[in-house]
$ cat upload31.csv   # CSV, C-alpha atoms
chain,number,residue,atom,x,y,z
A,2,MET,CA,10.3,-12.0,-26.1
A,3,HIS,CA,9.2,-14.3,-28.9
A,4,GLN,CA,9.7,-13.5,-32.5
A,5,ILE,CA,6.7,-11.8,-34.2
A,6,ALA,CA,5.1,-14.1,-36.7
A,7,ASN,CA,5.9,-13.6,-40.4
A,8,ASP,CA,3.5,-12.9,-43.1
A,9,PRO,CA,0.8,-11.6,-42.8
A,10,SER,CA,-0.4,-9.9,-45.7
A,11,ARG,CA,-3.2,-8.2,-43.7
A,12,GLY,CA,-1.2,-6.8,-40.8
A,13,ARG,CA,-0.8,-7.7,-37.1
A,14,VAL,CA,-3.5,-8.1,-34.5
A,15,ILE,CA,-2.8,-8.1,-30.7
A,16,ILE,CA,-5.2,-10.1,-28.5
A,17,ALA,CA,-4.9,-9.1,-24.9
A,18,GLY,CA,-6.2,-11.7,-22.5
A,19,GLY,CA,-6.3,-14.2,-25.4
A,20,THR,CA,-5.4,-17.5,-23.7
A,21,GLY,CA,-9.0,-18.6,-22.9
A,22,PHE,CA,-11.8,-20.1,-24.9
A,23,LEU,CA,-12.7,-16.9,-26.9
A,24,GLY,CA,-9.1,-15.8,-27.4
A,25,ARG,CA,-7.8,-19.2,-28.7
A,26,ASN,CA,-10.7,-19.4,-31.2
A,27,LEU,CA,-10.2,-15.9,-32.4
A,28,ALA,CA,-6.4,-16.3,-32.7
A,29,GLU,CA,-6.9,-19.4,-35.0
A,30,TYR,CA,-9.6,-17.6,-37.0
A,31,LEU,CA,-7.5,-14.4,-37.6
A,32,THR,CA,-4.4,-16.4,-38.5
A,33,ALA,CA,-6.5,-18.4,-41.1
A,34,SER,CA,-7.7,-15.0,-42.4
A,35,GLY,CA,-4.2,-13.8,-43.1
A,36,TYR,CA,-3.2,-11.8,-40.0
A,37,ALA,CA,-0.2,-12.1,-37.8
A,38,VAL,CA,-1.5,-12.7,-34.3
A,39,VAL,CA,0.2,-11.9,-31.0
A,40,VAL,CA,-1.5,-13.1,-27.8
A,41,LEU,CA,-0.9,-11.4,-24.5
A,42,GLY,CA,-1.5,-13.6,-21.4
A,43,ARG,CA,-0.3,-14.4,-17.9
A,44,HIS,CA,0.6,-18.0,-18.8
A,45,GLU,CA,1.6,-19.4,-22.1
A,46,PRO,CA,-1.1,-21.6,-23.6
A,47,GLN,CA,-0.7,-24.6,-25.8
A,48,PRO,CA,0.9,-23.4,-29.0
A,49,ILE,CA,-1.2,-22.3,-31.9
A,50,HIS,CA,0.4,-22.5,-35.3
A,51,GLY,CA,1.4,-19.1,-36.5
A,52,VAL,CA,0.5,-17.3,-33.2
A,53,THR,CA,3.1,-15.5,-31.1
A,54,PHE,CA,2.8,-15.3,-27.3
A,55,GLU,CA,4.0,-12.6,-25.0
A,56,THR,CA,3.6,-12.5,-21.2
A,57,TRP,CA,1.9,-9.6,-19.4
A,58,ASP,CA,0.3,-9.1,-16.0
A,59,ALA,CA,-2.7,-7.0,-17.4
A,60,ARG,CA,-1.9,-4.2,-14.9
A,61,THR,CA,1.5,-2.7,-15.6
A,62,LEU,CA,3.4,-1.6,-18.7
A,63,GLY,CA,6.2,-3.8,-20.0
A,64,LYS,CA,8.0,-5.1,-23.1
A,65,TRP,CA,4.7,-6.1,-24.6
A,66,VAL,CA,3.9,-2.4,-25.3
A,67,GLN,CA,6.3,-2.3,-28.3
A,68,LEU,CA,4.2,-5.1,-30.0
A,69,LEU,CA,1.4,-2.6,-30.3
A,70,GLU,CA,3.4,-0.2,-32.4
A,71,GLY,CA,2.1,-0.2,-36.0
A,72,ALA,CA,-0.4,-3.0,-35.3
A,73,THR,CA,-3.6,-3.1,-37.4
A,74,ALA,CA,-5.8,-3.8,-34.5
A,75,MET,CA,-6.0,-4.6,-30.8
A,76,VAL,CA,-8.6,-6.8,-29.2
A,77,ASN,CA,-9.1,-6.8,-25.4
A,78,LEU,CA,-10.6,-9.9,-23.9
A,79,ALA,CA,-8.9,-9.6,-20.5
A,80,GLY,CA,-10.9,-10.3,-17.3
A,81,ARG,CA,-11.4,-12.9,-14.6
A,82,SER,CA,-14.0,-15.5,-15.4
A,83,VAL,CA,-17.5,-14.9,-13.9
A,84,ASP,CA,-18.0,-18.6,-13.8
A,85,CYS,CA,-17.2,-18.8,-10.1
A,86,ILE,CA,-18.7,-18.5,-6.6
A,87,LYS,CA,-19.2,-14.7,-6.0
A,88,THR,CA,-17.1,-14.3,-2.9
A,89,PRO,CA,-16.1,-10.7,-2.0
A,90,GLU,CA,-12.6,-11.5,-3.2
A,91,HIS,CA,-13.8,-12.9,-6.5
A,92,CYS,CA,-16.2,-10.0,-7.1
A,93,ASP,CA,-13.3,-7.6,-6.5
A,94,GLU,CA,-11.1,-9.4,-8.9
A,95,ILE,CA,-13.8,-9.6,-11.6
A,96,LEU,CA,-14.1,-5.8,-11.5
A,97,ARG,CA,-10.4,-4.9,-11.1
A,98,SER,CA,-9.2,-7.4,-13.8
A,99,ARG,CA,-11.4,-5.7,-16.4
A,100,VAL,CA,-10.9,-2.1,-15.4
A,101,GLU,CA,-7.1,-2.3,-14.8
A,102,SER,CA,-6.3,-4.2,-17.9
A,103,THR,CA,-8.3,-1.7,-20.0
A,104,ARG,CA,-6.6,1.3,-18.4
A,105,VAL,CA,-3.1,-0.1,-18.9
A,106,LEU,CA,-3.9,-0.8,-22.6
A,107,GLY,CA,-5.1,2.7,-23.0
A,108,GLU,CA,-1.9,4.0,-21.3
A,109,ALA,CA,0.2,1.9,-23.6
A,110,LEU,CA,-1.5,3.2,-26.8
A,111,SER,CA,-1.0,6.8,-25.6
A,112,ARG,CA,2.8,6.2,-25.6
A,113,LEU,CA,3.0,5.0,-29.2
A,114,ASP,CA,3.9,6.9,-32.4
A,115,LYS,CA,1.7,4.7,-34.5
A,116,PRO,CA,-1.0,3.0,-32.3
A,117,PRO,CA,-3.4,0.4,-33.7
A,118,GLN,CA,-6.0,1.6,-36.1
A,119,VAL,CA,-8.8,0.1,-34.1
A,120,TRP,CA,-9.4,-1.1,-30.6
A,121,VAL,CA,-12.1,-3.8,-30.3
A,122,GLN,CA,-13.2,-4.0,-26.6
A,123,MET,CA,-15.0,-6.9,-25.0
A,124,ALA,CA,-17.9,-5.9,-22.8
A,125,THR,CA,-20.9,-7.8,-21.4
A,126,ALA,CA,-24.6,-8.0,-22.4
A,127,HIS,CA,-25.2,-8.5,-18.7
A,128,ILE,CA,-24.9,-4.8,-18.4
A,129,TYR,CA,-28.7,-4.7,-18.9
A,130,GLY,CA,-29.3,-6.7,-15.8
A,131,ASP,CA,-31.9,-9.5,-15.6
A,132,PRO,CA,-35.2,-8.1,-16.7
A,133,PRO,CA,-37.8,-10.9,-16.8
A,134,THR,CA,-39.4,-10.1,-20.2
A,135,ALA,CA,-37.9,-6.9,-21.6
A,136,ILE,CA,-36.2,-7.0,-25.0
A,137,CYS,CA,-32.9,-5.1,-24.7
A,138,ASP,CA,-31.1,-3.3,-27.5
A,139,GLU,CA,-28.1,-0.9,-27.3
A,140,GLN,CA,-30.4,1.9,-26.1
A,141,SER,CA,-31.9,0.0,-23.2
A,142,ALA,CA,-31.4,1.0,-19.6
A,143,PHE,CA,-28.7,-0.6,-17.6
A,144,GLY,CA,-29.7,-3.1,-14.8
A,145,TYR,CA,-28.9,-3.4,-11.2
A,146,GLY,CA,-26.4,-5.7,-9.5
A,147,LEU,CA,-22.8,-6.8,-9.8
A,148,ALA,CA,-22.7,-7.5,-13.5
A,149,PRO,CA,-24.2,-4.1,-14.6
A,150,THR,CA,-21.8,-2.3,-12.1
A,151,VAL,CA,-18.8,-4.1,-13.6
A,152,GLY,CA,-20.1,-3.6,-17.1
A,153,LYS,CA,-20.4,0.2,-16.6
A,154,ALA,CA,-17.0,0.5,-15.0
A,155,TRP,CA,-15.4,-1.6,-17.8
A,156,GLU,CA,-16.9,0.6,-20.6
A,157,GLU,CA,-16.0,3.8,-18.8
A,158,ALA,CA,-12.4,2.7,-18.5
A,159,PHE,CA,-12.4,2.1,-22.2
A,160,ARG,CA,-14.0,5.5,-23.0
A,161,SER,CA,-11.6,7.4,-20.7
A,162,THR,CA,-8.4,5.8,-21.9
A,163,LYS,CA,-8.9,5.2,-25.7
A,164,PRO,CA,-6.7,7.6,-27.7
A,165,PRO,CA,-8.9,9.9,-29.9
A,166,GLY,CA,-7.1,8.8,-33.1
A,167,THR,CA,-7.9,5.1,-32.6
A,168,ARG,CA,-11.3,3.8,-33.7
A,169,GLY,CA,-13.2,2.1,-30.9
A,170,VAL,CA,-15.7,-0.8,-31.0
A,171,VAL,CA,-17.3,-2.2,-27.9
A,172,LEU,CA,-18.9,-5.6,-28.2
A,173,ARG,CA,-21.5,-6.3,-25.4
A,174,THR,CA,-21.2,-10.1,-25.6
A,175,SER,CA,-23.7,-12.7,-24.7
A,176,PHE,CA,-23.3,-16.5,-24.1
A,177,VAL,CA,-20.9,-17.7,-26.8
A,178,LEU,CA,-21.6,-21.3,-27.9
A,179,GLY,CA,-18.6,-23.3,-29.0
A,180,ARG,CA,-16.9,-26.7,-28.5
A,181,PRO,CA,-14.6,-27.8,-27.1
A,182,GLY,CA,-14.3,-25.4,-24.2
A,183,GLY,CA,-16.6,-22.8,-22.9
A,184,ALA,CA,-19.7,-23.1,-20.7
A,185,LEU,CA,-21.6,-25.2,-23.4
A,186,ASP,CA,-19.5,-28.2,-22.6
A,187,ARG,CA,-20.7,-28.2,-19.0
A,188,LEU,CA,-24.4,-27.8,-20.0
A,189,GLY,CA,-24.0,-30.5,-22.6
A,190,LEU,CA,-22.6,-32.9,-20.0
A,191,LEU,CA,-25.5,-32.3,-17.7
A,192,ALA,CA,-27.9,-32.9,-20.5
A,193,LYS,CA,-26.2,-36.2,-21.5
A,194,LEU,CA,-26.6,-37.3,-17.8
A,195,GLY,CA,-30.4,-36.7,-18.1
A,196,LEU,CA,-30.2,-33.5,-16.0
A,197,GLY,CA,-30.9,-31.0,-18.9
A,198,GLY,CA,-34.5,-30.1,-18.0
A,199,LYS,CA,-36.1,-26.8,-17.1
A,200,ILE,CA,-33.9,-24.7,-14.8
A,201,GLY,CA,-35.9,-22.8,-12.2
A,202,HIS,CA,-39.1,-21.5,-13.7
A,203,GLY,CA,-37.5,-21.7,-17.2
A,204,ARG,CA,-38.6,-18.3,-18.4
A,205,GLN,CA,-35.3,-16.5,-18.0
A,206,GLY,CA,-33.9,-15.3,-21.2
A,207,ILE,CA,-30.8,-16.7,-22.8
A,208,SER,CA,-29.0,-14.5,-25.4
A,209,TRP,CA,-26.5,-16.5,-27.3
A,210,LEU,CA,-24.1,-16.4,-30.2
A,211,HIS,CA,-22.3,-19.1,-32.2
A,212,ILE,CA,-18.5,-19.0,-31.9
A,213,HIS,CA,-18.1,-18.7,-35.6
A,214,ASP,CA,-20.3,-15.6,-35.7
A,215,MET,CA,-18.4,-14.2,-32.8
A,216,ASN,CA,-15.2,-14.5,-34.7
A,217,ARG,CA,-16.8,-13.1,-37.8
A,218,LEU,CA,-18.0,-10.1,-35.8
A,219,PHE,CA,-14.5,-9.4,-34.5
A,220,LEU,CA,-13.2,-9.5,-38.0
A,221,HIS,CA,-16.0,-7.3,-39.2
A,222,ALA,CA,-15.1,-4.7,-36.5
A,223,ILE,CA,-11.4,-4.8,-37.5
A,224,GLN,CA,-12.0,-4.5,-41.3
A,225,HIS,CA,-14.8,-2.0,-41.6
A,226,PRO,CA,-13.8,1.6,-40.8
A,227,ASP,CA,-17.4,2.7,-40.5
A,228,VAL,CA,-18.0,0.3,-37.6
A,229,SER,CA,-17.7,2.3,-34.4
A,230,GLY,CA,-19.2,2.5,-30.9
A,231,ILE,CA,-21.3,0.0,-29.0
A,232,TYR,CA,-22.8,-3.2,-30.4
A,233,ASN,CA,-24.7,-6.1,-28.8
A,234,ALA,CA,-22.7,-9.2,-29.8
A,235,THR,CA,-25.6,-11.7,-29.8
A,236,ALA,CA,-27.7,-13.7,-32.2
A,237,PRO,CA,-31.0,-12.0,-33.3
A,238,THR,CA,-33.1,-14.8,-31.7
A,239,PRO,CA,-32.8,-15.0,-27.9
A,240,VAL,CA,-34.8,-17.8,-26.3
A,241,SER,CA,-36.1,-18.8,-22.9
A,242,SER,CA,-34.0,-21.1,-20.7
A,243,ARG,CA,-36.6,-23.8,-21.1
A,244,GLU,CA,-36.4,-23.6,-24.9
A,245,PHE,CA,-32.6,-23.6,-24.8
A,246,MET,CA,-32.4,-26.7,-22.8
A,247,ARG,CA,-35.0,-28.4,-25.0
A,248,GLU,CA,-32.9,-27.7,-28.1
A,249,LEU,CA,-29.7,-28.8,-26.4
A,250,ARG,CA,-31.3,-32.1,-25.5
A,251,ARG,CA,-32.4,-32.5,-29.1
A,252,ALA,CA,-29.0,-31.7,-30.4
A,253,ILE,CA,-27.2,-34.3,-28.3
A,254,GLY,CA,-30.0,-37.0,-28.7
A,255,MET,CA,-31.2,-37.1,-25.1
A,256,PRO,CA,-35.0,-37.4,-25.0
A,257,ILE,CA,-35.5,-36.7,-21.3
A,258,GLY,CA,-34.2,-34.0,-18.9
A,259,LEU,CA,-35.0,-33.8,-15.3
A,260,PRO,CA,-35.9,-30.3,-14.1
A,261,ALA,CA,-33.7,-28.4,-11.7
A,262,PRO,CA,-35.8,-26.6,-9.2
A,263,THR,CA,-34.6,-23.2,-7.9
A,264,PHE,CA,-33.7,-24.5,-4.4
A,265,GLY,CA,-31.7,-27.4,-6.0
A,266,VAL,CA,-29.8,-25.0,-8.2
A,267,ARG,CA,-28.9,-22.7,-5.3
A,268,LEU,CA,-27.6,-25.7,-3.4
A,269,ALA,CA,-25.8,-27.6,-6.2
A,270,ALA,CA,-24.2,-24.8,-8.1
A,271,PRO,CA,-21.8,-23.6,-5.4
A,272,LEU,CA,-21.3,-27.1,-3.8
A,273,ILE,CA,-20.9,-29.3,-6.9
A,274,LEU,CA,-20.2,-27.0,-9.9
A,275,ARG,CA,-18.3,-24.3,-7.9
A,276,THR,CA,-20.2,-21.6,-9.6
A,277,ASP,CA,-22.8,-18.9,-9.1
A,278,PRO,CA,-26.4,-20.2,-9.2
A,279,GLU,CA,-27.7,-16.9,-10.5
A,280,LEU,CA,-25.9,-17.5,-13.8
A,281,ALA,CA,-28.5,-20.2,-14.5
A,282,LEU,CA,-31.5,-18.8,-12.6
A,283,TYR,CA,-31.5,-15.4,-14.2
A,284,GLY,CA,-31.1,-14.1,-17.7
A,285,ARG,CA,-32.0,-11.5,-20.3
A,286,TYR,CA,-33.3,-11.2,-23.8
A,287,VAL,CA,-30.9,-9.1,-25.9
A,288,ILE,CA,-31.0,-8.3,-29.6
A,289,PRO,CA,-28.3,-7.0,-31.9
A,290,LYS,CA,-30.2,-4.0,-33.2
A,291,ARG,CA,-27.3,-2.0,-34.5
A,292,LEU,CA,-25.8,-5.0,-36.3
A,293,THR,CA,-29.1,-5.8,-37.9
A,294,ASP,CA,-29.7,-2.2,-38.9
A,295,GLU,CA,-26.2,-2.1,-40.5
A,296,GLY,CA,-26.7,-5.3,-42.5
A,297,PHE,CA,-24.5,-7.7,-40.7
A,298,THR,CA,-25.6,-11.3,-41.5
A,299,PHE,CA,-25.4,-14.1,-39.0
A,300,GLU,CA,-24.5,-17.6,-40.4
A,301,TYR,CA,-26.2,-19.1,-37.4
A,302,PRO,CA,-29.2,-16.9,-36.6
A,303,ASP,CA,-31.3,-19.6,-34.9
A,304,LEU,CA,-30.5,-21.8,-32.0
A,305,LYS,CA,-31.5,-25.1,-33.6
A,306,THR,CA,-29.1,-24.6,-36.5
A,307,ALA,CA,-26.3,-23.4,-34.2
A,308,LEU,CA,-26.5,-26.4,-31.9
A,309,ALA,CA,-26.9,-28.9,-34.7
A,310,GLN,CA,-23.6,-27.6,-36.2
A,311,LEU,CA,-21.8,-27.8,-32.9
A,312,TYR,CA,-22.9,-31.3,-32.1
A,313,HIS,CA,-22.9,-32.9,-35.5
$ encode --input "upload31.csv" --output "structure tokens"
Amino acid sequence: MHQIANDPSRGRVIIAGGTGFLGRNLAEYLTASGYAVVVLGRHEPQPIHGVTFETWDARTLGKWVQLLEGATAMVNLAGRSVDCIKTPEHCDEILRSRVESTRVLGEALSRLDKPPQVWVQMATAHIYGDPPTAICDEQSAFGYGLAPTVGKAWEEAFRSTKPPGTRGVVLRTSFVLGRPGGALDRLGLLAKLGLGGKIGHGRQGISWLHIHDMNRLFLHAIQHPDVSGIYNATAPTPVSSREFMRELRRAIGMPIGLPAPTFGVRLAAPLILRTDPELALYGRYVIPKRLTDEGFTFEYPDLKTALAQLYH
């Protein structure tokens, strides 16, 4: 096991499943904010200055459990990427990877004398399904399909395993915009090739959040004892897919974008991009009502400003 990082005036944060796009960004942000950071992952990533790595399989208890003792916070980002072709095997792994990792973290906390003060749990805004026009807040009905089913099971695993003495925060996360890495790079490349036009009918909602505000939201959840329960982690201004692609073209300086008809997306997404066409053809309009009501301020509340910052 690696040596735990020194310092940290503010305490230690454990990021489970922290080797991907969100985890690496969060680890760097928390380290810069004065925390010691330990990342749990299956495979060791490229080193991040000041960040400790420990191997786990996200399913069974191991030596990693002792790292949680006395930690300030634990953040769980573990789960197989949904950016894939939805074969039965992939669907099963998408569900199991989220539920089993959450359960084993809860079991680990139950064995500690001094568990983390707060558990911040990743969840999905896709839990609301794909309503064509409805504006969804934290009180909205859940949707139908794979993602809502996974989302409900994921949150139930958290509720059923979180120790009563640990504060819990659930972040139903939308499309996080950041570079490099993440899905925005793929969309940006398509736009640069002149393929960034309307996708399908273009009216499907895109709820999004700048990576900096995502990191700020994690920190907000860690540092504020009054933050508890379920929050939509999304900017307050969701847009249609048509508007999103228009602003993306503007940000990268591409004046034209060929439209992608529905049948073309259904053919090209699995064959060329090796992903699920429904990720592009469907969407939802989600707003962060609780965050807004509680006074959280977004540094990038509108899409134009967010994309301008990322590309310039």
$ closest_residue --input "upload31.csv" --among "A:His127, A:Lys163, A:Arg250, A:His211" --to "Tyr286 (chain A)" --atoms "all atoms listed in the file"
A:His127
$ atom_distance --input "upload31.csv" --atom1 "CA of Ala135 (chain A)" --atom2 "CA of Leu185 (chain A)"
24.6 Å
$ atom_distance --input "upload31.csv" --atom1 "CA of Asp303 (chain A)" --atom2 "CA of Leu282 (chain A)"
22.3 Å
$ residues_around --input "upload31.csv" --residues "Arg99 (chain A)" --least-positions-apart "6" --cutoff "8 Å" --atoms "all atoms listed in the file" --output "PDB file with C-alpha atoms, in the frame of the given file"
ATOM      1  CA  ALA A  79      -8.900  -9.600 -20.500  1.00  0.00           C
ATOM      2  CA  GLY A  80     -10.900 -10.300 -17.300  1.00  0.00           C
ATOM      3  CA  ARG A  81     -11.400 -12.900 -14.600  1.00  0.00           C
ATOM      4  CA  TRP A 155     -15.400  -1.600 -17.800  1.00  0.00           C
TER       5      TRP A 155
END
$ residues_around --input "upload31.csv" --residues "region 106-111 of chain A" --least-positions-apart "6" --cutoff "9 Å" --atoms "all atoms listed in the file" --output "JSON, numbers by chain"
{"A": [17, 59, 60, 62, 66, 67, 69, 70, 77, 117, 158, 159, 161, 162, 163, 164, 167]}
$ closest_residue --input "upload31.csv" --among "A:Thr235, A:Thr103, A:Ser208, A:Thr20" --to "Arg291 (chain A)" --atoms "all atoms listed in the file"
A:Thr235
$ closest_residue --input "upload31.csv" --among "A:Val52, A:Gln47, A:Val121, A:Leu249" --to "Leu220 (chain A)" --atoms "only C-alpha atoms"
A:Val121
$ closest_residue --input "upload31.csv" --among "A:Ala74, A:Val119, A:Cys92, A:Leu196" --to "Ile15 (chain A)" --atoms "all atoms listed in the file"
A:Ala74
$ atom_distance --input "upload31.csv" --atom1 "CA of Leu259 (chain A)" --atom2 "CA of Gly198 (chain A)"
4.6 Å
